[in-house]
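A.B. asks: Got a structure for you, questions after.
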Amino acid sequence: MAEVIVVENEDAAGELVAGAIRELITARPEAVLGLATGSTPLPVYRAFARSLAARPLDVSRVRGFSLDEYVGLPDGHRESYRAVISRDVVAPLGLTPGRIRVPSGDPAGLPTAGADYEQAIVDAGGVDLQLLGIGRTGHLGFNEPGSSFASLTRVKTLTPQTRADNARFFDSPAEVPIHCITQGLGTIMRARHLVLLAFGHGKATAIAAAVEGPVTSSQPGSAIQLHPHVTVVVDEAAAGRLTNLDYFRYAWANKPAWQGI
Ligand code: PGA
């Protein structure tokens, strides 16, 4: 069963997860982070940046692999996930740009881009801690409903719902690419620790399906039930449809301090 931690707000989630990342890097300066884009992980990056400003830590050897990228956006487009990761993660945290990878959405390289990315993750020794958001469709990364639990990095077609959800980042809905390249659910499941965050009522159904629903590729988030180390960090609104909420609160309130998340 995933550990579910209900926090007061996004800032509290950010502090909690940034603390875990700090501990990881302190123990292992070459830690490999699985990075996510979208609004959800931003409080984590902000909290970690504050933590680094208050108490410096050498993050120069940290490696990172982002989950996904749009296909076909012009080089340097400000909403390409490469640009987003540089702006929201690499620059504020002072990571080493050459050690942070994002899948390539360049159409010319797509036939080999997935396999290249998988090999780079293996060569880095695998991901230690993978940050995840969840889409309203239940997607992890851009693995839309129906994605195989064994899938690896490949091209996918975004659902109209996901394109509409992401239209807020673009000048017009039509500008949101239809295709993406995303780590597969099989790739994500190889990470040693999954940290799934979700905030707001709009995510409550997807979170309940991921944590408590049947394990099915129709709900890609439910793949987390097959992973041995998952931490789900949600606010009250996103936790609103969980049946075992009392138990999750009880378990967290009684967790031995030495265990961490
Ligand atoms: P969001 O997206 O963080 O912008 O809500 C999450 C996702 O689509 O995985």
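By order of appearance in the structure tokens: chains A, B, ..., then residues from 1 within every chain, and ligands from 1 in the order shown.
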Could I get the residue neighbourhood of ligand 1 at 10 Å, counting only C-alpha atoms and all ligand atoms, as a PyMOL selection string?
C.D. replies: chain A and resi 36-42+67-68+132-144+162-163+165-166+168-169+196-200+202-203+221
A.B. asks: List the spatial neighbours of Ala253 of chain A as a PDB file with N, CA, C and O atoms, in the first residue's frame - criterion: any atom at most 12 Å away, only C-alpha atoms, same-chain residues fewer than 6 positions off excluded.
C.D. replies:
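As written to disk, around28.pdb reads:
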ATOM      1  N   GLU A   3       2.148   4.880   0.897  1.00  0.00           N
ATOM      2  CA  GLU A   3       1.994   5.753   2.060  1.00  0.00           C
ATOM      3  C   GLU A   3       1.315   7.032   1.571  1.00  0.00           C
ATOM      4  O   GLU A   3       1.768   7.625   0.582  1.00  0.00           O
ATOM      5  N   VAL A   4       0.248   7.418   2.224  1.00  0.00           N
ATOM      6  CA  VAL A   4      -0.445   8.649   1.832  1.00  0.00           C
ATOM      7  C   VAL A   4      -0.301   9.660   2.961  1.00  0.00           C
ATOM      8  O   VAL A   4      -0.660   9.369   4.112  1.00  0.00           O
ATOM      9  N   ILE A   5       0.231  10.820   2.641  1.00  0.00           N
ATOM     10  CA  ILE A   5       0.421  11.878   3.643  1.00  0.00           C
ATOM     11  C   ILE A   5      -0.443  13.063   3.234  1.00  0.00           C
ATOM     12  O   ILE A   5      -0.295  13.601   2.124  1.00  0.00           O
ATOM     13  N   VAL A   6      -1.354  13.436   4.130  1.00  0.00           N
ATOM     14  CA  VAL A   6      -2.229  14.569   3.835  1.00  0.00           C
ATOM     15  C   VAL A   6      -1.632  15.797   4.502  1.00  0.00           C
ATOM     16  O   VAL A   6      -1.435  15.820   5.722  1.00  0.00           O
ATOM     17  N   VAL A   7      -1.326  16.808   3.705  1.00  0.00           N
ATOM     18  CA  VAL A   7      -0.699  18.022   4.231  1.00  0.00           C
ATOM     19  C   VAL A   7      -1.666  19.192   4.106  1.00  0.00           C
ATOM     20  O   VAL A   7      -2.655  19.122   3.374  1.00  0.00           O
ATOM     21  N   ASP A 246      -8.786   7.766   7.059  1.00  0.00           N
ATOM     22  CA  ASP A 246      -8.517   7.715   8.504  1.00  0.00           C
ATOM     23  C   ASP A 246      -7.293   6.839   8.777  1.00  0.00           C
ATOM     24  O   ASP A 246      -6.457   7.170   9.623  1.00  0.00           O
ATOM     25  N   TYR A 247      -7.210   5.752   8.085  1.00  0.00           N
ATOM     26  CA  TYR A 247      -6.073   4.850   8.289  1.00  0.00           C
ATOM     27  C   TYR A 247      -4.766   5.537   7.863  1.00  0.00           C
ATOM     28  O   TYR A 247      -3.749   5.450   8.556  1.00  0.00           O
TER      29      TYR A 247
END
A.B. asks: Hey, what does DSSP flag as strand (DSSP E) within segment 3-211 of chain A? Can you give it to me as a PyMOL selection string?
C.D. replies: chain A and resi 3-7+32-35+63-66+68-70+100-101+129-132+154-157+179-182+193-198
A.B. asks: One decimal, in Å: what's the spacing between atom CA of Cys180 of chain A and atom CA of Tyr117 of chain A?
C.D. replies: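 One can read the atom CA of Cys180 of chain A to atom CA of Tyr117 of chain A distance as 14.0 Å.
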A.B. asks: Would you mind reading off the distance between atom CA of Glu10 of chain A and atom CA of Glu79 of chain A, one decimal, in Å?
C.D. replies: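 Separation of atom CA of Glu10 of chain A and atom CA of Glu79 of chain A: 22.6 Å.
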A.B. asks: For Val230 of chain A, which residue out of A:Met1, A:Ala150, A:Val32, A:Arg61 is the nearest one, using only C-alpha atoms?
C.D. replies: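 Ranking A:Met1, A:Ala150, A:Val32, A:Arg61 by distance to Val230 of chain A, first place goes to A:Met1.
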A.B. asks: Would you pick out the contacts of Asp106 of chain A at 8 Å or less, using only C-alpha atoms, so that residues sharing its chain but fewer than 5 positions from it are not included, and give the list as a PyMOL selection string?
C.D. replies: chain A and resi 71-73
A.B. asks: Smallest atom-to-atom distance to Gln183 of chain A: which of A:Val102, A:Val59, A:Ala91, A:Ile85, using only C-alpha atoms?
C.D. replies: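 So, comparing all the options, the nearest one is A:Val102.
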A.B. asks: As an exercise, work out the distance from atom CA of Leu24 of chain A to atom CA of Gln130 of chain A in Å and give it to one decimal place.
C.D. replies: 11.9 Å
A.B. asks: Go through A:Pro177, A:Leu242, A:Arg50, A:Asp235 one by one, measure the shortest atom-to-atom distance of each to Ile207 of chain A using only C-alpha atoms, and give the residue with the smallest value.
C.D. replies: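 When distances to Ile207 of chain A are compared using only C-alpha atoms, the smallest one comes from A:Leu242.
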A.B. asks: In terms of the shortest atom-to-atom distance over only C-alpha atoms, which of A:Val62, A:Leu95, A:Leu185, A:Ala208 is closest to Ala239 of chain A?
C.D. replies: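 Checking each candidate against Ala239 of chain A, we get A:Ala208 as the closest.
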A.B. asks: Restricting the calculation to only C-alpha atoms, which member of A:Thr157, A:Ser151, A:Asn254, A:Thr26 is positioned closest to Ile181 of chain A?
C.D. replies: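 Of all the options, A:Thr157 lies closest to Ile181 of chain A.
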